[in-house]
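Student: I have a structure I would like to understand better, so I am pasting it below and will then ask my questions one at a time.
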Amino acid sequence: MAEEVVLELKNIEKRLSNFHLGPINMKINETTVIMGPTGSGKTTLLEIIAGFIRPDRGSLYFKGKDFTNIPPEKRRIGILYQDYQLFPHMNVRKNISYGLRMLRYDDEEIDEKVKSIAEKFRISHLLDRNIYYLSGGEKQRVALARALVIEPEILLLDEPFSALDEQTKVALMDEIRGILDELNSLVVFVMHDQSDAYTIGKYFAIIYNGKLISIGNREEVFRRPVNLTAAKFLGYRNIFSRKELETLGIEKEGEYFTIDEKDIIINGDGKINFIGEVERFEYLKDKSRIIINVNGVRLEKRIDGFLTPEKEVKVSIDPEKILTLKD
């Protein structure tokens, strides 16, 4: 029977000056994306997993074994930072082979592995080039090749696409998804772009002010936010108090509520129908956003096309689609 590859974090805590991370409890056994605003503790958590930072409390287990006190060089972890951290005094070949040399592979095996990973990332023609002369996308590929060439048991990627232009990012994400499907490594991303996270991840966690506030699959995290903080972070714009909900004639237990804009129907039929007035109209990149005033309660939705301000529209909502949020 194959050994289950699970990374488990139990009651992990770390204090850094005026910042407190934790306690964090997570089980990771598939491609996971850790999300959260800047300064929430995402990179700190990644560096605790890598062994660069030692937690003040708690333990880390991998494949059932405690590796809290195992030094970084013995953890068989590949890590890629946002700024790549390539060695400027080494060419591409030497950058990629660095980890293999630290693991004391012989020269023949190093050469074979470097050539193989370079072909996979389509950078064979760059092996003898100085890092200084690489584009952002090329540096990204070199950094990924360096992280993967050691065949890590855990691969950590900190904002791997944030420095790339949109075209390069889309192309590289497609390549990486294909490569990840072939890996035996457990992969953990830190990302702030929720669209990218949704695309590449299978399991998701949100860290906010050092606390783990949400964890689960796509449906659980993105479509069913568990609390007010998670809903706001995920960009839910239709958030109501109980008083506002009662103004719409809807009664539910709780203090705060939200509904996904996909579940707000404009000029259609639903379980509850209202007449509202278009208060504002905004052009977005690929759609438009309208803000509708219904009895003093504002509803927002992205639509195709155009609706004139002050125009009356029919709005429909299914009360069962309204989610109760914890404070």
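How things are named: the first chain in the structure tokens is A, the next is B, and so on; residues count from 1 in each chain; ligands count from 1 in the order shown.
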Using only C-alpha atoms, which residues of stretch 201-297 of chain A come within 10 Å of stretch 3-26 of chain A, and what is the closest atom pair for each, with the distance in Å to one decimal? Give it as a Markdown table, sorted by chain and residue number.
Tutor:
```
| residue | atom | partner | partner_atom | distance |
| --- | --- | --- | --- | --- |
| A:Ala205 | CA | A:Met26 | CA | 8.8 |
| A:Ile207 | CA | A:Leu21 | CA | 9.2 |
| A:Tyr208 | CA | A:Leu21 | CA | 9.4 |
| A:Asn209 | CA | A:Leu21 | CA | 7.6 |
| A:Gly210 | CA | A:Leu21 | CA | 4.1 |
| A:Lys211 | CA | A:Gly22 | CA | 5.4 |
| A:Leu212 | CA | A:Ile24 | CA | 6.2 |
| A:Ile213 | CA | A:Ile24 | CA | 9.7 |
| A:Ile215 | CA | A:Met26 | CA | 8.3 |
```
Student: Could you dump the residues just selected with N, CA, C and O atoms as an mmCIF file, in the first residue's frame?
Tutor:
```
data_model
loop_
_atom_site.group_PDB
_atom_site.id
_atom_site.type_symbol
_atom_site.label_atom_id
_atom_site.label_comp_id
_atom_site.auth_asym_id
_atom_site.auth_seq_id
_atom_site.Cartn_x
_atom_site.Cartn_y
_atom_site.Cartn_z
ATOM 1 N N ALA A 205 -6.345 27.848 1.662
ATOM 2 C CA ALA A 205 -6.367 28.357 3.034
ATOM 3 C C ALA A 205 -6.241 29.873 2.975
ATOM 4 O O ALA A 205 -5.511 30.414 2.148
ATOM 5 N N ILE A 207 -5.179 33.080 5.337
ATOM 6 C CA ILE A 207 -4.580 33.564 6.582
ATOM 7 C C ILE A 207 -4.786 35.070 6.646
ATOM 8 O O ILE A 207 -4.512 35.788 5.679
ATOM 9 N N TYR A 208 -5.283 35.541 7.776
ATOM 10 C CA TYR A 208 -5.577 36.963 7.948
ATOM 11 C C TYR A 208 -5.088 37.389 9.330
ATOM 12 O O TYR A 208 -5.483 36.813 10.334
ATOM 13 N N ASN A 209 -4.183 38.375 9.334
ATOM 14 C CA ASN A 209 -3.588 38.837 10.598
ATOM 15 C C ASN A 209 -3.014 37.676 11.419
ATOM 16 O O ASN A 209 -3.154 37.628 12.645
ATOM 17 N N GLY A 210 -2.373 36.743 10.723
ATOM 18 C CA GLY A 210 -1.709 35.641 11.407
ATOM 19 C C GLY A 210 -2.612 34.487 11.789
ATOM 20 O O GLY A 210 -2.142 33.485 12.333
ATOM 21 N N LYS A 211 -3.900 34.598 11.508
ATOM 22 C CA LYS A 211 -4.861 33.559 11.884
ATOM 23 C C LYS A 211 -5.378 32.830 10.647
ATOM 24 O O LYS A 211 -5.615 33.441 9.605
ATOM 25 N N LEU A 212 -5.570 31.540 10.783
ATOM 26 C CA LEU A 212 -6.172 30.736 9.724
ATOM 27 C C LEU A 212 -7.679 30.894 9.840
ATOM 28 O O LEU A 212 -8.289 30.408 10.791
ATOM 29 N N ILE A 213 -8.291 31.606 8.870
ATOM 30 C CA ILE A 213 -9.728 31.912 8.991
ATOM 31 C C ILE A 213 -10.601 31.066 8.077
ATOM 32 O O ILE A 213 -11.819 31.044 8.236
ATOM 33 N N ILE A 215 -10.417 27.304 5.380
ATOM 34 C CA ILE A 215 -9.651 26.242 4.734
ATOM 35 C C ILE A 215 -10.627 25.249 4.112
ATOM 36 O O ILE A 215 -11.682 24.953 4.674
#
```
Student: Please identify which residues in stretch 138-255 of chain A DSSP calls strand (DSSP E or B) from the backbone, and express them as a ChimeraX atom specification.
Tutor: /A:154-158,186-190,203-208,211-216,227,239-241
Student: Would you kindly return, as a list in words, each protein, DNA or RNA residue with an atom no farther than 12 Å from any atom of A:Leu134, considering only C-alpha atoms and excluding same-chain residues fewer than 2 positions away?
Tutor: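 Here the answer would be Leu86, Pro88, Asn91, Val92, Ile123, His125, Leu126, Leu127, Asp128, Arg129, Asn130, Ile131, Tyr132, Gly136, Gly137, Glu138, Lys139, Gln140, Arg141, Val142 and Ala143 of chain A.
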Student: Quick one: pick out all helix (DSSP H, G or I) residues within stretch 42-162 of chain A from a backbone DSSP run and write them as a ChimeraX atom specification.
Tutor: /A:42-50,72-74,92-102,107-120,124-126,131-133,136-148
Student: What is the distance between atom CA of A:Asn29 and atom CA of A:Leu148, in Å to one decimal?
Tutor: 18.4 Å
Student: For A:Ser97, please output as a list in words all residues within 9 Å (counting only C-alpha atoms; exclusion window: fewer than 5 positions along the same chain).
Tutor: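 Once the adjacent positions are removed, what remains is Val92, Met102, Ile110, Asp111, Lys113, Val114, Arg146, Val149 and Ile150 of chain A.
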Student: Take the residues from that selection and put them in a file with N, CA, C and O atoms, as an mmCIF file, in the first residue's frame.
Tutor:
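Now in selection01.cif:
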```cif
data_model
loop_
_atom_site.group_PDB
_atom_site.id
_atom_site.type_symbol
_atom_site.label_atom_id
_atom_site.label_comp_id
_atom_site.auth_asym_id
_atom_site.auth_seq_id
_atom_site.Cartn_x
_atom_site.Cartn_y
_atom_site.Cartn_z
ATOM 1 N N VAL A 92 23.323 29.989 -15.721
ATOM 2 C CA VAL A 92 22.090 29.205 -15.556
ATOM 3 C C VAL A 92 22.392 27.778 -15.136
ATOM 4 O O VAL A 92 21.768 27.236 -14.212
ATOM 5 N N MET A 102 25.056 20.436 -3.503
ATOM 6 C CA MET A 102 24.938 20.417 -2.047
ATOM 7 C C MET A 102 24.563 19.016 -1.547
ATOM 8 O O MET A 102 24.933 18.625 -0.436
ATOM 9 N N ILE A 110 24.734 14.958 -12.204
ATOM 10 C CA ILE A 110 24.342 16.376 -12.202
ATOM 11 C C ILE A 110 24.098 16.846 -13.631
ATOM 12 O O ILE A 110 23.079 17.474 -13.930
ATOM 13 N N ASP A 111 25.019 16.529 -14.501
ATOM 14 C CA ASP A 111 24.903 16.951 -15.898
ATOM 15 C C ASP A 111 23.637 16.380 -16.541
ATOM 16 O O ASP A 111 22.909 17.083 -17.257
ATOM 17 N N LYS A 113 20.813 15.355 -15.010
ATOM 18 C CA LYS A 113 19.604 15.927 -14.419
ATOM 19 C C LYS A 113 19.379 17.364 -14.877
ATOM 20 O O LYS A 113 18.238 17.786 -15.140
ATOM 21 N N VAL A 114 20.457 18.144 -14.974
ATOM 22 C CA VAL A 114 20.337 19.534 -15.418
ATOM 23 C C VAL A 114 19.841 19.588 -16.859
ATOM 24 O O VAL A 114 18.947 20.384 -17.198
ATOM 25 N N ARG A 146 15.615 24.971 -10.870
ATOM 26 C CA ARG A 146 16.516 24.763 -9.717
ATOM 27 C C ARG A 146 15.768 24.133 -8.552
ATOM 28 O O ARG A 146 16.301 23.265 -7.843
ATOM 29 N N VAL A 149 14.840 20.289 -9.692
ATOM 30 C CA VAL A 149 15.864 19.341 -10.134
ATOM 31 C C VAL A 149 16.289 18.391 -9.015
ATOM 32 O O VAL A 149 16.737 17.267 -9.270
ATOM 33 N N ILE A 150 16.132 18.816 -7.770
ATOM 34 C CA ILE A 150 16.516 17.952 -6.647
ATOM 35 C C ILE A 150 15.424 16.926 -6.326
ATOM 36 O O ILE A 150 15.562 16.143 -5.390
#
```
Student: Using only C-alpha atoms, which of A:Ser288, A:Thr258, A:Asn267, A:Ser195 sits nearest A:Lys232?
Tutor: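 Smallest distance to A:Lys232 is found for A:Thr258.
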Student: From the options A:Ile200, A:Val190, A:Ile292, A:Val315, which residue's atoms come nearest to A:Ser40, counting only C-alpha atoms?
Tutor: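 Smallest distance to A:Ser40 is found for A:Val190.
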Student: Nearest to A:Ile79: which of A:Ala118, A:Leu157, A:Leu100, A:Ala145 is it, counting only C-alpha atoms?
Tutor: A:Leu157
Student: Stretch 64-77 of chain A: which residues within 9 Å, counting only C-alpha atoms, same-chain residues fewer than 3 positions away excluded, as an MDAnalysis selection string?
Tutor: chainID A and resid 4:8 48:52 54:55 58:61 102:103 147 150:156
Student: Return the single residue from A:Phe204, A:Phe274, A:Tyr236, A:Tyr198 that is closest to A:Lys262, with distances computed using only C-alpha atoms.
Tutor: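 Among the listed residues, the smallest separation from A:Lys262 belongs to A:Tyr236.
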Student: Please provide the set of residues having any atom within 12 Å of A:Gly249, restricted to only C-alpha atoms, with same-chain residues fewer than 4 positions apart removed, written as a ChimeraX atom specification.
Tutor: /A:242-245,272-274,294-295,297,317,319
Student: Looking at only C-alpha atoms, which of A:Val170, A:Ile303, A:Leu248, A:Leu80 is the one that sits closest to A:Lys287?
Tutor: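 Smallest distance to A:Lys287 is found for A:Ile303.
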Student: From the set A:Thr324, A:Thr38, A:Asn293, A:Thr247, which residue has the shortest atom-to-atom contact distance to A:Arg224, counting only C-alpha atoms?
Tutor: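 For A:Arg224, the nearest of the candidates is A:Thr324.
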Student: Which distance in Å separates atom CA of A:Phe257 and atom CA of A:Leu228, to one decimal?
Tutor: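 Taking atom CA of A:Phe257 as the start and atom CA of A:Leu228 as the end point, the length is 8.0 Å.
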